[in-house]
Structures are given as structure tokens and as C-alpha cells.
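Participant: Here it is, the structure in full.
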Amino acid sequence: MKLHVHRFDLRLKHTFTIAHDSRDVQRTLVVELRDDSGYQGFGEATANKYYGITIDQMAADLEAIRDLIEQNDQLSAEEFWTLAHPYLAKNPFAQCALDEAMHDLVAKRAGMPLYQYWNLNPACNPISNYTIGIDTVEKMIAKMQELPWPLYKIKLGTSDDLAIVRQLRHQTEATFRVDANCAWTAGETIRFAPELKTLGVEFIEQPLPADDFAGQQRVFAESVLPVIADESCIVETDVERCIGRFHGVNIKLTKCGGLTPARRMIGQAKLAGMSVMVGCMTESSVGISAIAQLLPLLDYVDMDGTLLITNDPATGVTLDYGRVLYAQENGTGAQLR
């Protein structure tokens, strides 16, 4: 098996702004694992300033274990993850790209889509939201009009968040989700929630700073809307800390280290009675196609990365008015163009 690393700059359709970041280009790294039979597995992880992850560091960390990767192609994807983890524990983004690629390769060798390899039934898959980043209200409305959708995630964290949601509600009957990306206090969250519920908001994602445990317990007890963890739920050990503080968790494959730990986190959260969401980090069709394999296990999903970019370097699953359409190819269905 041979390791190949591809770097891409994904151009965003619009400047993407959230409470703690703003960008026009999303850098990404695609891992390709190619075996002697000609099968290719693809995985992806994007760079992220908030978590201090760069493309160069991911590439360097993978290059450092090239021999380990190339000499162990007969392991299961889960065994492969365990083998690589001691070397990539400090760089879960790199491990994610490697893990997705190995899952893709294993399922392609088996001649079936990955979700089928896992014995999952996609008949009742959740639909994906489409994210509207922070902007002027006029531009946020224009983004919604550009892509009519049944479910929007509204990024908040401004001085006038309720007014934004009120204005957007005048434009559509779609369901809303709101994501404050750590920008609110417990008092604000509890105070905003009743009106947000009236405005058709389904849940609030990560309203408080990740380490505000006392505030999260208060919001959990007093909010009239469910609250979903994002920045507070990064790796497997975080799921337990979210019990009694959140009604659900949003798992990001890049942050937790790939499909292998994500499936364990899904099981932990469901066992605790929490709802489960998987979100994207503005990946191309490679990363989005990996997320799609988990859909039968999920309550919610945010996998709109391919809709936010203009130069997707790959093909894979597609989205049709929120509904996910699987690719014809086996594995995750991803292929570089």
C-alpha cells in the first residue's frame, strides 16, 4: 500500500464568518491509500486556526509514520486506527484523514458501500441543514434566497442575535437551528430560548464557552430548547462530561480522529440518552462522503461543506434539498477528479 497526500485550497462561495473566525479559503488535506490491486481509499481533514491545526503539520505527522502506514494494509480499519493512534494522538485531524481513507479502502475491497459494510440501513436518514454564516442581515437573506432549503443552521454571536433570527424568519418557513459558537452567557441563552422556540428554532448549538461547566448545567436545566455540544465535545472522553450539561452532542470527525472513534462516541451518547449529530468542517466531497456513511446512526447532521465551496476537487455523495444521495461507487463513494 502506498500513501499519497494531496493539498487543496477550497474557495468559499461567500466569506464564512462565525463568532471566533472568518475566512474566504479553506485549506484541506486529502489522504489517498492505494494498494497493489488498484483500490484507492480517500480521507480528508481541513486546517483549523481555532484548534491550531495546519496542513503542513498534518502532512509531516503522516510522513513520519509512512512505513507504518504502508506496511500494515491488511488490518481492519479499526485495528489500523489503534496502530496509528500512539503516533497521531496529538493530531486527530491527521488521524481522521487516515482513518477515513482506510475505511474507504476496506469497503471498496469488500465491494460494497461503507454503510452497507457496517450493516446499516439508510432508509430513515436525517436531512442536512445548510449553514448561513454571520453577515449583514441583507446578505444572510440573500444567501438563503440563493439556495432555498428546508433546514438552515444560523450562525450567531453578534450584539443583535434575536433581531437577526426575526428577520430571517420573515423570509422562509424552513426549520432553523442556531449556533452561537461559545458567544453567549447562560443567562442570555435561557433568556433567548423562548423567543427562538417561537421563531421555529429546533435547538441551540454550543451557546457557552466550552469550559463553562456550571453555566452549561444551568442552561441544561432551564432552557426551553435542547442544547447541543460542539466545542465541548471533541474527543471520546468528552461525551461523559456532556451528560447532564447537554441534550445532545455534535461529533466532528476531524476533531475526534475519524470514523472509528466517532462510532464509539455515538454509542456512548445514545446509551446516555443523548441525541447525536455529526457536523462538518467545510470539507470537500471526500470528507462529506465519509460523514454520509454514519447517517443511519444519527438524529441530526450538518454536512453542507460541498455546498459552501466553488472548486470541489472530488466527487461523492450529493445533497438534494437536504436529502443525501449516495454515490454509485463503493466505499464512501469519494473519488478525486
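Chain identifiers are assigned as A, B, and so on, following the order in which chains appear in the C-alpha cells; residues are numbered from 1 within each chain, and ligands are numbered from 1 in order of appearance.
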Near Ala45 of chain A, counting only C-alpha atoms, which residues have an atom at most 6 Å away, once you skip same-chain residues fewer than 6 positions from it, shown as a list of chain:residue names?

Facilitator: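 Listing them by chain and then by number gives A:Thr28, A:Leu29, A:Phe93, A:Ala97, A:Thr254.
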
Participant: Quick one: residues within 12 Å of segment 193-199 of chain A, only C-alpha atoms counted, chain neighbours fewer than 4 positions away excluded, as a VMD selection string?

Facilitator: chain A and resid 154 161 to 179 184 186 to 189 203 to 205 207 219 to 220 222 to 227

Participant: Near Tyr326 of chain A, within 9 Å and counting only C-alpha atoms, which residues show up once chain neighbours fewer than 3 positions away are dropped, as a VMD selection string?

Facilitator: chain A and resid 113 289 292 to 293 316 to 319 329 332 to 333

Participant: Please, which residues in segment 102-175 of chain A fall within 7 Å of segment 2-25 of chain A when counting only C-alpha atoms, and what is the closest atom pair and distance in Å to one decimal for each, ordered by chain then residue number, as JSON lines?

Facilitator:
```
{"residue": "A:Gly133", "atom": "CA", "partner": "A:Thr17", "partner_atom": "CA", "distance": 5.2}
{"residue": "A:Ile134", "atom": "CA", "partner": "A:Thr17", "partner_atom": "CA", "distance": 5.1}
{"residue": "A:Lys155", "atom": "CA", "partner": "A:Ile18", "partner_atom": "CA", "distance": 6.0}
{"residue": "A:Leu156", "atom": "CA", "partner": "A:Ala19", "partner_atom": "CA", "distance": 6.7}
{"residue": "A:Gly157", "atom": "CA", "partner": "A:Ala19", "partner_atom": "CA", "distance": 5.1}
```

Participant: Print the selection's residues with C-alpha atoms to a file, as a PDB file, in the first residue's frame.

Facilitator:
```
ATOM      1  CA  GLY A 133     -22.665  32.403   8.351  1.00  0.00           C
ATOM      2  CA  ILE A 134     -22.705  35.694  10.242  1.00  0.00           C
ATOM      3  CA  LYS A 155     -24.552  31.228  12.923  1.00  0.00           C
ATOM      4  CA  LEU A 156     -24.945  33.757  15.726  1.00  0.00           C
ATOM      5  CA  GLY A 157     -22.741  35.581  18.199  1.00  0.00           C
TER       6      GLY A 157
END
```

Participant: Measuring between only C-alpha atoms, which one of A:Ile228, A:Cys280, A:Ile53, A:Cys233 shows the shortest distance to Asp299 of chain A?

Facilitator: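 Of A:Ile228, A:Cys280, A:Ile53, A:Cys233, the one nearest Asp299 of chain A is A:Ile228, counting only C-alpha atoms.
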
Participant: Which of these residues is nearest to Cys256 of chain A, using only C-alpha atoms: A:Gly305, A:Pro296, A:Gly200, A:Pro92?

Facilitator: A:Pro92

Participant: Among segment 220-254 of chain A, which ones does DSSP place in strand (DSSP E or B), written as a ChimeraX atom specification?

Facilitator: /A:227-229,243,246,248-252

Participant: Atom CA of Tyr117 of chain A to atom CA of Asp104 of chain A: how many Å, to one decimal?

Facilitator: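 For atom CA of Tyr117 of chain A relative to atom CA of Asp104 of chain A, the distance reads 10.3 Å.
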